[in-house]
Amino acid sequence: MTELSRQTSASRPVEVIRPRTWWEKHGRTSIVILSRLALLIALVVCWQLVSGPLIDPLFISKPTAIWHRLTQWADSGVLWTNSWITIKEILLGYVIGAAAGVVFGFVIAAQRLVYRVLDPFIMSLYSIPKVALAPLFIVWLGIGIEMKIVLAAVTVFFLVFLNTAAGVREVDPGLIDAARLMRARRRDMILKIILPASMSGVFTGLRVAIPYALIGAVIGELVASNRGLGYLINNGAATFDTAGVFAALIVLTFIAAVLNGLVNLLDRYANKWRPTAD
Amino acid sequence: MTNAVLEVSGLAKHFRKDDREIVALSDFSLTVEAGTFVTILGRSGCGKSTLLNLLSGLTRPTQGRITYRGEPVTGPRLELGYLTQSDTLMPWRDVRRNVEMPLELRGVGRDERRARAEQMVAAVGLAGFERHYPRELSGGMRRRASLARMMCTEPETLLLDEPFGALDAQLRSEMQSELLRLWTGSGRTVLFVTHDIEEAALLGDRVVVLGRLGRHVLDLPIELPRPRELDELRTDPTFVELCRQLAAALKDATE
């Protein structure tokens, strides 16, 4: 045992405590954040200066006009009701599509024969531009919120489904053998081996699908609607209200950024056993 | 009849590849006595891993039969611990949760399995690393963790497939002493596969040299007194002679 402890202490990584200075800890991040801010401000200032003297504000509007439109919408409530509709479509579409994608991904990928049979059908459905389905959904569901939810859900479904299925099919067979040696029951095999082992595939799917939920919902609104941010964009363009178009776009960008942030958090938690990229 | 744990007769394994079958093992027979340490020595590709996969019950033989204490082997058995050549720790579980996994799957309660896992982790010299994930460990530490996982259910027979093949010479010799320490007096049966002549002679009560397709080339009892130390044995004339015999047999096997 003495032999053993001597040698383990030798194989233990040597650690030395060396506190970092404030600059070493946060310097690079601060530079990045400050540069981003500076870039943003420069772009907005350029936009403001160029609009009018160089380019007709009818085409590119100007930041002050957009800000004015945003505050005006915020005061009248137009901003909140329409944003809320779009957010609801995105969230419901995402949740429904993702849940169906994960469940079908697991069930179908686990049965190799079924997967091989269905593969070409799934791929051809996946390849259809989802906007082409919009008219069909209008016939089925009308131009209300349901049609946007379904359009977003369908878009999300395929991405989550395909990535989940890939994750399940790429589980290291060595891990399955290890579990068989432990005489794992079928239920444990699925819950304790296949599920966690395919998590990275599932998360890739959930991650890449987020912007597509937004795309699906907004395309649905652009095709036919009387509410939502897509409607505000359409309406603004139709009345040559460029400031209104940009204002709606800015709100959409903001929503997308928040959604991406949420997924990053989730991702970090679920994959804490992976080494960090740096 | 002697006290045989594993009995193998007429074992063959073919792998299908398109319209052909690749023969990995043919007409292999072996009897392993309870409580002995048997090393199987062979060049790469002689069917050593195929043999262990069959003995562990992971794969089914094309022909022949395997019995464990008289019962035919039809699938993995809990009395058999198998340390595969590749690492199969679950990357999303830390060391302690990996080691306690076999107990968890058997329904052992949390406190008991945690206590046993911690004991086993300490026994292989990984105390202090319970909360580390496999990727944060060196190759040698991952081997130790795998060993701990296998040992924590106290299997009575161990199948080890080149367990120390990927380790540096120093670490390998430490792990060998550690394995002998865990085995001595435990009454366990060990089947240890290796391609290293010295390792085979150092560890085994008996060395079986395999040729192509698992043909027995030599079955040599090693009657060196235990405990054995590689550093001392290296200059021991009996050990040197045994190694020479084994080397000659290995050479024969390939010609």
# chains A, B, ... in the order shown; residues from 1 in each chain; ligands from 1
call {"tool": "interface_residues", "arguments": {"of": "chain B", "to": "chain A", "cutoff": "6 Å", "atoms": "only C-alpha atoms", "output": "list in words"}}
result
Pro76, Thr88, Trp92, Pro102 and Gly125 of chain B
call {"tool": "write_last_selection", "arguments": {"atoms": "N, CA and C atoms", "output": "PDB file, in the first residue's frame"}}
result
ATOM      1  N   PRO B  76     -23.603 -12.444 -20.776  1.00  0.00           N
ATOM      2  CA  PRO B  76     -22.760 -11.943 -19.686  1.00  0.00           C
ATOM      3  C   PRO B  76     -23.223 -12.475 -18.328  1.00  0.00           C
ATOM      4  N   THR B  88     -13.986   1.943 -21.356  1.00  0.00           N
ATOM      5  CA  THR B  88     -15.436   2.054 -21.510  1.00  0.00           C
ATOM      6  C   THR B  88     -16.063   2.724 -20.292  1.00  0.00           C
ATOM      7  N   TRP B  92     -19.832  10.783 -19.063  1.00  0.00           N
ATOM      8  CA  TRP B  92     -20.660  11.787 -18.378  1.00  0.00           C
ATOM      9  C   TRP B  92     -20.772  11.505 -16.891  1.00  0.00           C
ATOM     10  N   PRO B 102     -22.068  -0.539 -11.692  1.00  0.00           N
ATOM     11  CA  PRO B 102     -22.565  -1.920 -11.674  1.00  0.00           C
ATOM     12  C   PRO B 102     -23.457  -2.199 -10.459  1.00  0.00           C
ATOM     13  N   GLY B 125      -5.870   3.358  -5.673  1.00  0.00           N
ATOM     14  CA  GLY B 125      -5.012   4.530  -5.587  1.00  0.00           C
ATOM     15  C   GLY B 125      -5.567   5.769  -6.253  1.00  0.00           C
TER      16      GLY B 125
END
call {"tool": "select_by_dssp", "arguments": {"residues": "region 128-240 of chain B", "states": "alpha helix (DSSP H)", "output": "PyMOL selection string"}}
result
chain B and resi 139-151+169-183+197-203+230-233+237-240
call {"tool": "write_last_selection", "arguments": {"atoms": "N, CA and C atoms", "output": "compact mmCIF listing (two decimals), in the first residue's frame"}}
result
# COMPACT_ATOMS: atom_id res chain seq x y z
N GLY B 139 -4.33 8.28 -18.89
CA GLY B 139 -4.66 6.92 -19.33
C GLY B 139 -4.54 5.91 -18.20
N GLY B 140 -3.47 6.03 -17.41
CA GLY B 140 -3.26 5.09 -16.30
C GLY B 140 -4.35 5.21 -15.26
N MET B 141 -4.78 6.43 -14.99
CA MET B 141 -5.82 6.63 -13.98
C MET B 141 -7.16 6.08 -14.47
N ARG B 142 -7.40 6.23 -15.78
CA ARG B 142 -8.65 5.68 -16.32
C ARG B 142 -8.65 4.16 -16.21
N ARG B 143 -7.47 3.53 -16.45
CA ARG B 143 -7.37 2.08 -16.29
C ARG B 143 -7.70 1.67 -14.87
N ARG B 144 -7.14 2.44 -13.92
CA ARG B 144 -7.40 2.14 -12.51
C ARG B 144 -8.89 2.25 -12.21
N ALA B 145 -9.51 3.29 -12.75
CA ALA B 145 -10.94 3.48 -12.51
C ALA B 145 -11.73 2.31 -13.10
N SER B 146 -11.33 1.86 -14.30
CA SER B 146 -12.02 0.71 -14.91
C SER B 146 -11.85 -0.53 -14.05
N LEU B 147 -10.62 -0.69 -13.55
CA LEU B 147 -10.35 -1.84 -12.69
C LEU B 147 -11.23 -1.78 -11.45
N ALA B 148 -11.34 -0.59 -10.87
CA ALA B 148 -12.16 -0.41 -9.67
C ALA B 148 -13.62 -0.73 -9.98
N ARG B 149 -14.08 -0.29 -11.15
CA ARG B 149 -15.48 -0.55 -11.51
C ARG B 149 -15.73 -2.05 -11.61
N MET B 150 -14.74 -2.76 -12.21
CA MET B 150 -14.92 -4.19 -12.37
C MET B 150 -14.87 -4.90 -11.02
N MET B 151 -13.95 -4.44 -10.14
CA MET B 151 -13.74 -5.14 -8.88
C MET B 151 -14.81 -4.84 -7.84
N ALA B 169 6.21 1.91 -19.02
CA ALA B 169 6.81 0.75 -18.37
C ALA B 169 6.70 0.83 -16.84
N GLN B 170 6.97 2.02 -16.32
CA GLN B 170 6.95 2.22 -14.87
C GLN B 170 5.56 1.95 -14.29
N LEU B 171 4.57 2.60 -14.91
CA LEU B 171 3.19 2.49 -14.44
C LEU B 171 2.70 1.06 -14.59
N ARG B 172 3.09 0.45 -15.69
CA ARG B 172 2.68 -0.91 -15.97
C ARG B 172 3.17 -1.83 -14.86
N SER B 173 4.41 -1.67 -14.45
CA SER B 173 4.94 -2.58 -13.43
C SER B 173 4.27 -2.31 -12.09
N GLU B 174 3.89 -1.05 -11.84
CA GLU B 174 3.16 -0.75 -10.61
C GLU B 174 1.77 -1.37 -10.62
N MET B 175 1.11 -1.28 -11.78
CA MET B 175 -0.23 -1.86 -11.89
C MET B 175 -0.17 -3.38 -11.76
N GLN B 176 0.92 -3.98 -12.30
CA GLN B 176 1.06 -5.43 -12.18
C GLN B 176 1.16 -5.85 -10.72
N SER B 177 2.00 -5.12 -9.94
CA SER B 177 2.12 -5.48 -8.53
C SER B 177 0.79 -5.29 -7.83
N GLU B 178 0.10 -4.23 -8.23
CA GLU B 178 -1.19 -3.94 -7.60
C GLU B 178 -2.20 -5.05 -7.87
N LEU B 179 -2.21 -5.52 -9.13
CA LEU B 179 -3.12 -6.60 -9.49
C LEU B 179 -2.79 -7.86 -8.71
N LEU B 180 -1.47 -8.17 -8.60
CA LEU B 180 -1.07 -9.37 -7.86
C LEU B 180 -1.47 -9.24 -6.39
N ARG B 181 -1.35 -8.02 -5.88
CA ARG B 181 -1.71 -7.79 -4.49
C ARG B 181 -3.21 -8.04 -4.28
N LEU B 182 -4.03 -7.53 -5.22
CA LEU B 182 -5.47 -7.72 -5.11
C LEU B 182 -5.86 -9.19 -5.28
N TRP B 183 -5.07 -9.91 -6.09
CA TRP B 183 -5.42 -11.29 -6.40
C TRP B 183 -4.98 -12.25 -5.30
N ILE B 197 5.89 -10.93 -23.25
CA ILE B 197 6.41 -12.19 -22.72
C ILE B 197 6.73 -12.11 -21.24
N GLU B 198 7.44 -11.05 -20.84
CA GLU B 198 7.82 -10.92 -19.43
C GLU B 198 6.59 -10.82 -18.53
N GLU B 199 5.60 -10.05 -19.01
CA GLU B 199 4.38 -9.87 -18.23
C GLU B 199 3.68 -11.21 -18.04
N ALA B 200 3.63 -12.00 -19.11
CA ALA B 200 2.96 -13.30 -19.05
C ALA B 200 3.64 -14.20 -18.02
N ALA B 201 4.98 -14.23 -18.05
CA ALA B 201 5.70 -15.13 -17.15
C ALA B 201 5.69 -14.61 -15.72
N LEU B 202 5.70 -13.29 -15.57
CA LEU B 202 5.71 -12.70 -14.23
C LEU B 202 4.40 -12.98 -13.48
N LEU B 203 3.28 -12.83 -14.20
CA LEU B 203 1.99 -12.88 -13.51
C LEU B 203 1.42 -14.29 -13.36
N LEU B 230 9.46 -8.16 -10.64
CA LEU B 230 10.05 -8.18 -11.98
C LEU B 230 11.54 -7.82 -11.93
N ASP B 231 11.87 -6.83 -11.12
CA ASP B 231 13.27 -6.38 -11.09
C ASP B 231 14.22 -7.49 -10.65
N GLU B 232 13.76 -8.31 -9.69
CA GLU B 232 14.61 -9.42 -9.23
C GLU B 232 14.60 -10.56 -10.22
N LEU B 233 13.42 -10.84 -10.79
CA LEU B 233 13.29 -11.98 -11.69
C LEU B 233 14.10 -11.82 -12.97
N PRO B 237 17.84 -17.10 -13.36
CA PRO B 237 18.03 -17.98 -14.52
C PRO B 237 16.78 -18.74 -14.93
N THR B 238 15.97 -19.17 -13.94
CA THR B 238 14.74 -19.90 -14.29
C THR B 238 13.81 -19.03 -15.10
N PHE B 239 13.63 -17.77 -14.66
CA PHE B 239 12.73 -16.83 -15.33
C PHE B 239 13.23 -16.54 -16.74
N VAL B 240 14.55 -16.36 -16.83
CA VAL B 240 15.14 -16.06 -18.14
C VAL B 240 14.90 -17.23 -19.09
call {"tool": "residues_around", "arguments": {"residues": "Ser49 (chain B)", "least_positions_apart": "6", "cutoff": "10 Å", "atoms": "only C-alpha atoms", "output": "list in words"}}
result
Ala24, Leu55, Thr84, Gln85, Leu160, Asp161, Glu162, Val193 and Thr194 of chain B
call {"tool": "atom_distance", "arguments": {"atom1": "CA of Thr64 (chain A)", "atom2": "CA of Leu40 (chain A)"}}
result
14.7 Å
call {"tool": "atom_distance", "arguments": {"atom1": "CA of Leu213 (chain B)", "atom2": "CA of Lys48 (chain B)"}}
result
9.0 Å
call {"tool": "residues_around", "arguments": {"residues": "region 97-113 of chain A", "least_positions_apart": "6", "cutoff": "8 Å", "atoms": "only C-alpha atoms", "output": "count of residues only"}}
result
19
call {"tool": "atom_distance", "arguments": {"atom1": "CA of Leu252 (chain A)", "atom2": "CA of Leu58 (chain A)"}}
result
21.1 Å
call {"tool": "select_by_dssp", "arguments": {"residues": "region 47-134 of chain B", "states": "strand (DSSP E)", "output": "VMD selection string"}}
result
chain B and resid 63 to 68 71 to 72 80 to 83
